[in-house]
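Content type mmCIF, C-alpha atoms, from the file run_29.cif:
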data_coords
loop_
_atom_site.label_atom_id
_atom_site.label_comp_id
_atom_site.auth_asym_id
_atom_site.auth_seq_id
_atom_site.Cartn_x
_atom_site.Cartn_y
_atom_site.Cartn_z
CA MET Y 188 -20.00 -6.41 14.70
CA GLU Y 189 -18.53 -4.65 11.66
CA THR Y 190 -18.06 -1.50 13.68
CA ARG Y 191 -16.02 -3.37 16.26
CA LEU Y 192 -14.01 -5.20 13.63
CA ILE Y 193 -13.22 -1.92 11.86
CA GLY Y 194 -12.25 -0.28 15.14
CA ARG Y 195 -9.83 -3.09 15.85
CA GLY Y 196 -8.46 -2.93 12.31
CA ILE Y 197 -7.82 0.80 12.65
CA LEU Y 198 -6.10 0.23 15.98
CA ALA Y 199 -3.91 -2.52 14.56
CA GLY Y 200 -3.08 -0.35 11.54
CA ALA Y 201 -2.15 2.66 13.66
CA VAL Y 202 0.16 0.56 15.85
CA GLY Y 203 1.65 -1.05 12.73
CA GLY Y 204 2.22 2.40 11.22
CA LEU Y 205 3.91 3.56 14.40
CA LEU Y 206 6.25 0.56 14.40
CA ALA Y 207 7.01 1.09 10.70
CA PHE Y 208 7.74 4.74 11.46
CA LEU Y 209 10.22 3.84 14.21
CA PHE Y 210 11.94 1.46 11.80
CA ALA Y 211 11.95 4.15 9.12
CA ARG Y 212 13.33 6.79 11.45
CA VAL Y 213 16.28 4.57 12.40
CA PHE Y 214 17.05 2.80 9.13
CA ALA Y 215 15.55 4.76 6.24
CA GLU Y 216 16.24 8.36 7.19
CA PRO Y 217 20.05 8.09 6.86
CA GLN Y 218 19.57 6.71 3.34
CA ILE Y 219 17.01 9.40 2.47
CA GLN Y 220 19.41 12.07 3.73
CA ALA Y 221 22.25 10.56 1.67
CA ALA Y 222 20.00 10.68 -1.39
CA ILE Y 223 19.06 14.31 -0.76
CA ASP Y 224 22.72 15.22 -0.28
CA TYR Y 225 23.51 13.52 -3.58
CA GLU Y 226 20.74 15.50 -5.26
CA SER Y 227 22.02 18.81 -3.85
CA GLY Y 228 25.59 18.05 -4.86
CA ARG Y 229 24.52 17.05 -8.32
CA ASP Y 230 22.38 20.17 -8.73
CA ALA Y 231 25.38 22.30 -7.70
CA ALA Y 232 27.62 20.51 -10.23
CA GLN Y 233 24.97 20.92 -12.91
CA GLY Y 234 24.67 24.60 -12.01
CA ALA Y 235 28.43 25.07 -12.38
CA LEU Y 236 28.37 23.35 -15.77
CA ASP Y 237 25.44 25.49 -16.92
CA LYS Y 238 27.19 28.64 -15.75
CA ALA Y 239 30.38 27.68 -17.60
CA ALA Y 240 28.29 27.08 -20.71
CA GLY Y 241 26.67 30.49 -20.27
CA LEU Y 242 23.22 29.17 -19.31
CA GLY Y 243 21.07 30.67 -16.58
CA ALA Y 244 20.78 28.95 -13.21
CA ALA Y 245 17.75 26.77 -12.51
CA PRO Y 246 15.27 28.38 -10.09
CA GLU Y 247 15.62 27.33 -6.45
CA MET Y 248 12.71 25.39 -5.00
CA PRO Y 249 11.39 27.10 -1.88
CA GLU Y 250 11.64 24.94 1.23
CA ILE Y 251 8.24 24.60 2.87
CA PHE Y 252 9.15 22.23 5.68
CA SER Y 253 12.67 21.87 7.03
CA ARG Y 254 14.43 18.53 6.72
CA THR Y 255 14.13 18.15 10.50
CA ILE Y 256 10.33 18.34 10.29
CA GLN Y 257 10.15 16.05 7.26
CA ALA Y 258 12.50 13.46 8.73
CA ASN Y 259 11.00 13.32 12.22
CA ILE Y 260 7.35 14.37 12.12
CA GLY Y 261 6.25 14.29 8.48
CA ILE Y 262 7.39 10.74 7.89
CA GLY Y 263 5.76 9.69 11.19
CA VAL Y 264 2.40 11.21 10.28
CA GLY Y 265 2.65 9.71 6.80
CA MET Y 266 3.44 6.21 8.05
CA ILE Y 267 0.75 6.23 10.75
CA VAL Y 268 -1.95 7.62 8.45
CA PHE Y 269 -1.00 5.04 5.82
CA GLY Y 270 -1.01 2.26 8.43
CA THR Y 271 -4.40 3.35 9.75
CA ALA Y 272 -5.86 3.43 6.25
CA MET Y 273 -4.48 -0.03 5.50
CA GLY Y 274 -5.78 -1.31 8.84
CA ALA Y 275 -9.27 -0.03 8.00
CA LEU Y 276 -9.19 -1.60 4.53
CA PHE Y 277 -7.88 -4.79 6.08
CA ALA Y 278 -10.85 -4.88 8.49
CA VAL Y 279 -13.31 -4.33 5.63
CA VAL Y 280 -11.83 -7.24 3.67
CA TYR Y 281 -11.72 -9.36 6.83
CA ALA Y 282 -15.40 -8.67 7.56
CA ILE Y 283 -16.37 -9.56 3.99
CA SER Y 284 -14.24 -12.71 4.06
CA LEU Y 285 -15.74 -13.99 7.33
CA GLY Y 286 -17.88 -16.98 6.51
CA ARG Y 287 -17.18 -16.76 2.78
CA VAL Y 288 -13.77 -18.39 2.51
CA GLY Y 289 -14.45 -21.80 3.93
CA ASN Y 290 -13.46 -23.15 7.28
CA VAL Y 291 -10.70 -20.73 8.30
CA ARG Y 292 -10.31 -19.81 11.94
CA PRO Y 293 -10.49 -16.11 12.91
CA ARG Y 294 -6.79 -15.84 13.75
CA ALA Y 295 -5.59 -17.65 10.66
CA LEU Y 296 -7.88 -15.52 8.50
CA ALA Y 297 -6.30 -12.38 9.97
CA LEU Y 298 -2.84 -13.50 8.87
CA LEU Y 299 -4.09 -14.51 5.42
CA VAL Y 300 -5.81 -11.17 4.82
CA ALA Y 301 -2.75 -9.26 6.08
CA GLY Y 302 -0.52 -11.29 3.77
CA ALA Y 303 -2.83 -10.53 0.87
CA GLY Y 304 -2.71 -6.82 1.69
CA PHE Y 305 1.09 -6.83 1.79
CA LEU Y 306 1.24 -8.60 -1.57
CA ALA Y 307 -1.46 -6.72 -3.42
CA PHE Y 308 -0.92 -3.19 -2.09
CA TYR Y 309 2.84 -3.18 -1.99
CA LEU Y 310 5.06 -6.12 -2.92
CA VAL Y 311 3.62 -6.99 -6.34
CA PRO Y 312 3.58 -3.35 -7.56
CA PHE Y 313 7.09 -2.98 -6.08
CA LEU Y 314 8.34 -5.83 -8.33
CA LYS Y 315 7.53 -3.73 -11.38
CA TYR Y 316 8.07 -0.22 -10.01
CA PRO Y 317 10.29 -0.43 -6.90
CA ALA Y 318 10.44 2.34 -4.31
CA ASN Y 319 12.93 5.10 -5.08
CA PRO Y 320 14.66 7.53 -2.73
CA PRO Y 321 14.74 11.28 -3.45
CA ALA Y 322 16.98 12.25 -6.41
CA ILE Y 323 15.57 9.37 -8.48
CA GLY Y 324 12.59 10.28 -10.60
CA HIS Y 325 12.20 13.16 -13.02
CA GLU Y 326 9.72 15.91 -12.29
CA GLU Y 327 8.46 15.76 -15.88
CA THR Y 328 7.29 12.16 -15.62
CA ILE Y 329 5.56 12.25 -12.23
CA GLY Y 330 2.07 12.09 -13.78
CA THR Y 331 2.87 9.06 -15.91
CA ARG Y 332 4.75 7.32 -13.12
CA SER Y 333 1.89 7.80 -10.65
CA GLY Y 334 -0.58 6.45 -13.20
CA LEU Y 335 1.58 3.40 -13.91
CA TYR Y 336 2.16 2.66 -10.23
CA LEU Y 337 -1.53 2.94 -9.35
CA THR Y 338 -2.36 0.74 -12.36
CA MET Y 339 -0.07 -1.91 -10.89
CA VAL Y 340 -1.69 -1.56 -7.46
CA LEU Y 341 -5.20 -1.77 -8.91
CA ALA Y 342 -4.32 -4.74 -11.12
CA SER Y 343 -2.72 -6.72 -8.32
CA VAL Y 344 -5.61 -5.99 -5.91
CA VAL Y 345 -8.27 -6.96 -8.46
CA PHE Y 346 -6.40 -10.04 -9.69
CA LEU Y 347 -5.73 -11.29 -6.17
CA TRP Y 348 -9.40 -10.80 -5.32
CA LEU Y 349 -10.41 -12.74 -8.45
CA ALA Y 350 -7.86 -15.44 -7.66
CA VAL Y 351 -9.40 -15.93 -4.20
CA ILE Y 352 -12.89 -16.23 -5.74
CA ALA Y 353 -11.58 -18.62 -8.39
CA GLY Y 354 -9.87 -20.68 -5.69
CA GLN Y 355 -13.18 -20.98 -3.84
CA ARG Y 356 -14.93 -22.14 -7.01
CA LEU Y 357 -12.22 -24.68 -7.86
CA ARG Y 358 -12.07 -26.14 -4.36
CA PRO Y 359 -14.95 -28.64 -4.60
CA ARG Y 360 -13.42 -30.15 -7.72
CA PHE Y 361 -9.69 -30.04 -6.96
CA GLY Y 362 -9.46 -29.87 -3.18
CA THR Y 363 -8.06 -26.98 -1.15
CA TRP Y 364 -4.37 -27.60 -1.92
CA ASN Y 365 -4.66 -27.87 -5.69
CA ALA Y 366 -7.30 -25.15 -5.95
CA THR Y 367 -4.96 -22.77 -4.09
CA LEU Y 368 -2.06 -23.67 -6.38
CA LEU Y 369 -4.20 -23.18 -9.48
CA ALA Y 370 -5.53 -19.83 -8.29
CA GLY Y 371 -2.00 -18.72 -7.38
CA ALA Y 372 -0.67 -19.71 -10.79
CA GLY Y 373 -3.53 -17.84 -12.44
CA PHE Y 374 -2.71 -14.74 -10.42
CA ALA Y 375 0.98 -14.93 -11.32
CA ALA Y 376 0.19 -15.37 -15.01
CA ALA Y 377 -2.32 -12.50 -15.12
CA ILE Y 378 -0.16 -10.01 -13.23
CA GLY Y 379 2.88 -11.18 -15.22
CA ILE Y 380 1.13 -10.17 -18.43
CA VAL Y 381 0.32 -6.73 -17.01
CA MET Y 382 3.94 -6.29 -15.89
CA ALA Y 383 5.20 -7.29 -19.31
CA VAL Y 384 2.86 -4.86 -21.05
CA LEU Y 385 3.48 -1.79 -18.85
CA PRO Y 386 6.58 0.20 -19.85
CA ALA Y 387 9.80 0.45 -17.87
CA LEU Y 388 10.20 3.93 -16.37
CA GLY Y 389 13.34 4.59 -18.42
CA GLU Y 390 11.34 3.96 -21.60
CA LEU Y 391 8.86 6.79 -21.06
CA SER Y 392 8.96 9.15 -24.05
CA TYR Y 393 10.45 12.09 -22.12
CA ASN Y 394 13.22 9.89 -20.73
CA VAL Y 395 14.06 8.31 -24.08
CA LYS Y 396 14.28 11.77 -25.64
CA GLU Y 397 16.52 13.14 -22.88
CA PHE Y 398 18.62 10.14 -21.89
CA GLY Y 399 18.18 7.42 -24.52
CA HIS Y 400 16.87 3.91 -23.87
CA ARG Y 401 17.36 2.90 -20.25
CA ALA Y 402 15.52 0.71 -17.78
CA THR Y 403 15.07 3.27 -15.00
CA GLU Y 404 15.41 6.94 -14.10
CA THR Y 405 18.33 6.39 -11.72
CA PRO Y 406 20.82 9.23 -12.40
CA LEU Y 407 23.89 8.38 -14.47
CA PRO Y 408 27.23 10.14 -13.93
CA LEU Y 409 27.19 13.80 -14.88
CA LYS Y 410 29.62 14.68 -17.65
CA ASP Y 411 30.98 17.99 -18.89
CA GLY Y 412 31.26 19.01 -22.53
CA ASN Y 413 34.37 16.86 -23.05
CA GLY Y 414 32.74 13.72 -21.66
CA THR Y 415 34.70 13.84 -18.40
CA ILE Y 416 32.72 12.63 -15.40
CA VAL Y 417 32.32 15.58 -13.05
CA PHE Y 418 29.80 14.01 -10.66
CA PRO Y 419 29.18 10.30 -10.01
CA GLY Y 420 26.00 8.39 -10.74
CA PHE Y 421 23.63 7.56 -7.90
CA ASP Y 422 25.18 5.40 -5.18
CA ALA Y 423 24.04 1.81 -5.75
CA ASP Y 424 24.44 0.91 -2.08
CA VAL Y 425 22.15 3.73 -0.96
CA LEU Y 426 19.54 2.61 -3.48
CA ALA Y 427 19.80 -1.06 -2.46
CA SER Y 428 19.53 -0.26 1.26
CA PHE Y 429 16.64 2.11 0.74
CA ARG Y 430 14.66 -0.50 -1.17
CA LEU Y 431 15.43 -3.29 1.30
CA TYR Y 432 14.30 -1.07 4.20
CA SER Y 433 11.21 -0.07 2.26
CA VAL Y 434 10.20 -3.74 1.97
CA GLY Y 435 11.10 -4.20 5.64
CA ALA Y 436 8.84 -1.35 6.76
CA GLN Y 437 5.85 -2.70 4.84
CA LEU Y 438 6.55 -6.18 6.19
CA ILE Y 439 6.55 -4.77 9.73
CA LEU Y 440 3.33 -2.86 9.06
CA TRP Y 441 1.35 -5.78 7.64
CA THR Y 442 2.74 -8.31 10.11
CA ALA Y 443 1.71 -6.02 12.96
CA ILE Y 444 -1.78 -5.60 11.48
CA GLY Y 445 -2.20 -9.37 11.21
CA LEU Y 446 -0.73 -10.25 14.59
CA ILE Y 447 -2.49 -7.49 16.55
CA PHE Y 448 -5.85 -7.99 14.87
CA ALA Y 449 -5.82 -11.81 15.12
CA PRO Y 450 -6.33 -12.23 18.89
CA LEU Y 451 -8.70 -9.23 19.06
CA ALA Y 452 -10.93 -10.68 16.34
CA ASP Y 453 -10.68 -14.13 17.83
CA ARG Y 454 -11.96 -12.88 21.20
CA LEU Y 455 -14.70 -10.82 19.54
CA LEU Y 456 -15.96 -13.66 17.36
CA THR Y 457 -15.68 -16.34 20.02
CA ALA Y 458 -17.54 -14.14 22.51
CA ALA Y 459 -20.24 -13.53 19.91
CA LYS Y 460 -20.65 -17.24 19.38
CA THR Y 461 -20.57 -18.58 22.95
CA PRO Y 462 -23.78 -17.10 24.42
CA ALA Y 463 -25.91 -18.40 21.56
CA PRO Y 464 -26.13 -22.07 22.67
CA ALA Y 465 -27.05 -21.01 26.20
CA GLU Y 466 -30.17 -19.29 24.91
CA ALA Y 467 -31.30 -22.24 22.90
CA PRO Y 468 -31.80 -25.21 25.20
CA VAL Y 469 -33.79 -27.08 22.62
CA THR Y 470 -33.88 -30.81 22.97
CA VAL Y 471 -34.09 -32.63 19.72
CA MET T 292 -32.95 -10.69 1.25
CA SER T 293 -34.71 -9.37 4.32
CA SER T 294 -37.58 -11.65 5.23
CA MET T 295 -36.19 -15.06 5.88
CA SER T 296 -37.89 -15.69 9.21
CA VAL T 297 -41.63 -15.66 9.00
CA PRO T 298 -42.56 -18.42 11.41
CA ALA T 299 -45.62 -20.28 10.28
CA ALA T 300 -48.50 -20.00 12.75
CA GLY T 301 -48.59 -22.66 15.40
CA ARG T 302 -45.03 -23.81 14.88
CA VAL T 303 -42.39 -23.63 17.53
CA PRO T 304 -39.74 -21.13 16.45
CA THR T 305 -36.78 -23.12 15.29
CA ALA T 306 -33.52 -22.86 17.16
CA VAL T 307 -31.59 -21.15 14.44
CA PRO T 308 -28.84 -19.14 16.13
CA ALA T 309 -29.23 -15.41 15.57
CA PRO T 310 -26.93 -14.23 12.81
CA VAL T 311 -23.96 -12.29 14.12
CA VAL T 312 -24.02 -9.65 11.42
CA VAL T 313 -26.31 -6.65 11.31
CA PRO T 314 -28.59 -6.30 8.27
CA ALA T 315 -26.71 -6.44 4.99
CA ALA T 316 -27.67 -2.92 3.91
CA ARG T 317 -26.06 -1.33 6.96
CA ALA T 318 -23.02 -3.55 6.69
CA VAL T 319 -22.53 -2.58 3.05
CA LEU T 320 -22.90 1.11 3.88
CA LEU T 321 -20.47 0.95 6.79
CA LEU T 322 -17.89 -1.18 4.99
CA GLY T 323 -18.18 0.94 1.86
CA ALA T 324 -17.80 4.22 3.76
CA THR T 325 -14.80 2.86 5.67
CA ALA T 326 -13.16 1.69 2.46
CA MET T 327 -13.73 5.08 0.80
CA LEU T 328 -12.21 6.96 3.74
CA ALA T 329 -9.25 4.59 3.83
CA LEU T 330 -8.66 5.05 0.10
CA ALA T 331 -8.87 8.84 0.53
CA ALA T 332 -6.16 8.65 3.21
CA TYR T 333 -4.10 6.39 0.92
CA TYR T 334 -4.49 8.99 -1.83
CA PHE T 335 -3.43 11.95 0.32
CA VAL T 336 -0.37 10.19 1.70
CA GLY T 337 0.65 8.69 -1.62
CA VAL T 338 -0.51 10.71 -4.57
CA ASP T 339 -1.98 14.17 -3.91
CA GLN T 340 -0.03 17.25 -4.98
CA GLY T 341 2.16 15.13 -7.20
CA ALA T 342 0.44 13.86 -10.28
CA LEU T 343 -2.95 15.23 -9.24
CA SER T 344 -3.86 17.89 -6.75
CA VAL T 345 -7.07 18.52 -4.86
CA PHE T 346 -5.94 21.88 -3.46
CA GLY T 347 -4.50 23.40 -6.64
CA SER T 348 -0.79 24.04 -6.84
CA ASP T 349 -0.21 23.90 -3.09
CA THR T 350 2.44 21.42 -1.97
CA HIS T 351 2.14 21.39 1.83
CA ILE T 352 0.83 17.82 2.10
CA HIS T 353 3.35 16.57 -0.43
CA GLU T 354 6.28 18.21 1.35
CA PHE T 355 5.11 17.20 4.82
CA VAL T 356 4.72 13.47 4.09
CA HIS T 357 7.53 13.61 1.51
CA ASP T 358 9.84 11.04 3.12
CA SER T 359 7.08 8.54 3.83
CA ARG T 360 5.79 8.87 0.28
CA HIS T 361 9.18 7.79 -1.06
CA PHE T 362 9.58 5.11 1.58
CA LEU T 363 6.12 3.58 1.11
CA GLY T 364 6.92 3.01 -2.55
CA PHE T 365 4.92 5.79 -4.21
CA PRO T 366 6.41 7.69 -7.14
CA CYS T 367 7.60 11.14 -6.14
CA HIS T 368 9.08 14.05 -8.15
#
Can you dump the structure from the file as structure tokens?
Amino acid sequence: METRLIGRGILAGAVGGLLAFLFARVFAEPQIQAAIDYESGRDAAQGALDKAAGLGAAPEMPEIFSRTIQANIGIGVGMIVFGTAMGALFAVVYAISLGRVGNVRPRALALLVAGAGFLAFYLVPFLKYPANPPAIGHEETIGTRSGLYLTMVLASVVFLWLAVIAGQRLRPRFGTWNATLLAGAGFAAAIGIVMAVLPALGELSYNVKEFGHRATETPLPLKDGNGTIVFPGFDADVLASFRLYSVGAQLILWTAIGLIFAPLADRLLTAAKTPAPAEAPVTV
Amino acid sequence: MSSMSVPAAGRVPTAVPAPVVVPAARAVLLLGATAMLALAAYYFVGVDQGALSVFGSDTHIHEFVHDSRHFLGFPCH
């Protein structure tokens, strides 16, 4: 049974990843390209400033894959592998939840687990550390930023898990509605504390030293020695679109996982249940 | 938690429907292995060759999935 559930989860995840990739190819790639163009232009302006000031040029990064490969194949492989992985994890959680979360029907449970995955693996961490296009994010802080992001992911996954268990425990006393509200409030409070404690990316020690106290690493306008702006700050519209599409892609992915898995699991579990009464013609 | 059905001699086997799940040990192993593989895939798409690197200073995976890494919300250079 688990094997078949996992197989269906992987299938749903792969299809979800494919749909998210198509969305990304159409909507995200133009924004990603705009961000990369900004980065190149800014690097060129910085290089000119450095040259005028008599500093050496920064070393060029070798290009391993062309933009064409990255923007058409790389992003596709990335999205589908991610979707498949999330589909497999989804199926594991679904299999564990079966029979342990009260009287929820197979299809409804699929949507609930998919919603939980979207929240815990993406949306809640995103609230603290939103997705950034290329050109935003300093090379020097990648280690810290990865650690902070994964801390947010881990915290939201663990807290949501605990909230579900707490909700189950509270249900006999408070009823399903109130137990769910209490567990949800507990989750919000716990993750809110973690978000308040973790630092803003702009407050990392390297960033404070280089750029002063700021909330994020989004590039400010580039100025020459006299304080004249020679290159603009990062385009706010590109950033806003990129983030909106990022949420959209994850929404597509998790919705697809839930909606594709739901009828498959329903058929599987109903079929598993139906033959049983036929074999047991016991008269009481 | 294995032996729950030792029918007492002379009693008609009760009509308890067979449980749908395979023995717990196998389920745990299978679910655990699946979760580990899924997390490994998550790691390679999202994190490897950025903050940490399994294959040393190589950046092929990072560069290949570069756009999806940004777009899926992971931190990137």
Residues of chain Y were defined as contacting chain T if any atom lay at most 6 Å from it, counting all atoms listed in the file; please report them as a tab-separated table (two decimals) with C-alpha atoms, keeping the file's coordinate frame.
chain	number	residue	atom	x	y	z
Y	257	GLN	CA	10.15	16.05	7.26
Y	261	GLY	CA	6.25	14.29	8.48
Y	262	ILE	CA	7.39	10.74	7.89
Y	265	GLY	CA	2.65	9.71	6.80
Y	269	PHE	CA	-1.00	5.04	5.82
Y	272	ALA	CA	-5.86	3.43	6.25
Y	276	LEU	CA	-9.19	-1.60	4.53
Y	279	VAL	CA	-13.31	-4.33	5.63
Y	318	ALA	CA	10.44	2.34	-4.31
Y	320	PRO	CA	14.66	7.53	-2.73
Y	324	GLY	CA	12.59	10.28	-10.60
Y	325	HIS	CA	12.20	13.16	-13.02
Y	326	GLU	CA	9.72	15.91	-12.29
Y	329	ILE	CA	5.56	12.25	-12.23
Y	330	GLY	CA	2.07	12.09	-13.78
Y	333	SER	CA	1.89	7.80	-10.65
Y	433	SER	CA	11.21	-0.07	2.26
Please identify all polymer residues within 10 Å of Glu216 in chain Y, counting only C-alpha atoms, omitting same-chain residues fewer than 2 positions from it, and present them as a list in words.
->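 That gives Phe210, Ala211, Arg212, Val213, Phe214, Gln218, Ile219, Gln220, Ala221, Ala222, Gln257, Ala258, Asn259, Ile262 and Phe429 of chain Y; Asp358, Ser359 and Phe362 of chain T.
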CA of Pro419 in chain Y sits from CA of Leu314 in chain Y at a separation of 26.4 Å
Evaluate the PyMOL selection byres ((chain Y and resi 203) around 12) here and jot the selected residues down as a ChimeraX atom specification.
-> /Y:196-202,204-210,263,266-275,301,436-448
Separation of CA of Leu357 in chain Y from CA of Val280 in chain Y in Å |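 Taking CA of Val280 in chain Y and CA of Leu357 in chain Y, their separation equals 20.9 Å.
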When you draw a straight line from CA of Val425 in chain Y to CA of Pro217 in chain Y, how long is it in Å?
-> 9.2 Å
Provide an axis-aligned box for all listed atoms of range 332-339 of chain T, padding each side by 6 Å; report its centre and its edge lengths in Å to one decimal, as lines of an AutoDock Vina configuration file.
center_x = -2.8
center_y = 10.3
center_z = -0.7
size_x = 18.8
size_y = 19.8
size_z = 19.8
Nearest residue to Ile283 in chain Y from the set Y:Leu296, Y:Met248, Y:Leu409, Y:Ala402 (distances using only C-alpha atoms) =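 For Ile283 in chain Y, the nearest of the candidates is Y:Leu296.
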Report as a tab-separated table (two decimals) with C-alpha atoms, in the frame of the given file the full result of the PyMOL selection byres ((chain Y and resi 391) around 10) when it is applied to this structure.
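Full text of selection39.tsv as output:
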chain	number	residue	atom	x	y	z
Y	328	THR	CA	7.29	12.16	-15.62
Y	331	THR	CA	2.87	9.06	-15.91
Y	332	ARG	CA	4.75	7.32	-13.12
Y	386	PRO	CA	6.58	0.20	-19.85
Y	387	ALA	CA	9.80	0.45	-17.87
Y	388	LEU	CA	10.20	3.93	-16.37
Y	389	GLY	CA	13.34	4.59	-18.42
Y	390	GLU	CA	11.34	3.96	-21.60
Y	392	SER	CA	8.96	9.15	-24.05
Y	393	TYR	CA	10.45	12.09	-22.12
Y	394	ASN	CA	13.22	9.89	-20.73
Y	395	VAL	CA	14.06	8.31	-24.08
Y	396	LYS	CA	14.28	11.77	-25.64
Y	399	GLY	CA	18.18	7.42	-24.52
Y	400	HIS	CA	16.87	3.91	-23.87
Y	401	ARG	CA	17.36	2.90	-20.25
Y	402	ALA	CA	15.52	0.71	-17.78
Y	403	THR	CA	15.07	3.27	-15.00
Y	404	GLU	CA	15.41	6.94	-14.10
Skip Ser343 in chain Y itself and residues of its chain fewer than 6 positions away, then list as an mmCIF file with C-alpha atoms, keeping the file's coordinate frame all residues within 8 Å of it, counting all atoms listed in the file.
data_model
loop_
_atom_site.group_PDB
_atom_site.id
_atom_site.type_symbol
_atom_site.label_atom_id
_atom_site.label_comp_id
_atom_site.auth_asym_id
_atom_site.auth_seq_id
_atom_site.Cartn_x
_atom_site.Cartn_y
_atom_site.Cartn_z
ATOM 1 C CA ALA Y 307 -1.460 -6.720 -3.420
ATOM 2 C CA PHE Y 308 -0.920 -3.190 -2.090
ATOM 3 C CA VAL Y 311 3.620 -6.990 -6.340
ATOM 4 C CA PRO Y 312 3.580 -3.350 -7.560
ATOM 5 C CA ILE Y 378 -0.160 -10.010 -13.230
#
What residues come out when you apply the PyMOL selection byres ((chain Y and resi 297) around 9) to this file, written as a ChimeraX atom specification?
-> /Y:277-278,281,292-296,298-302,444-446,448-450,452
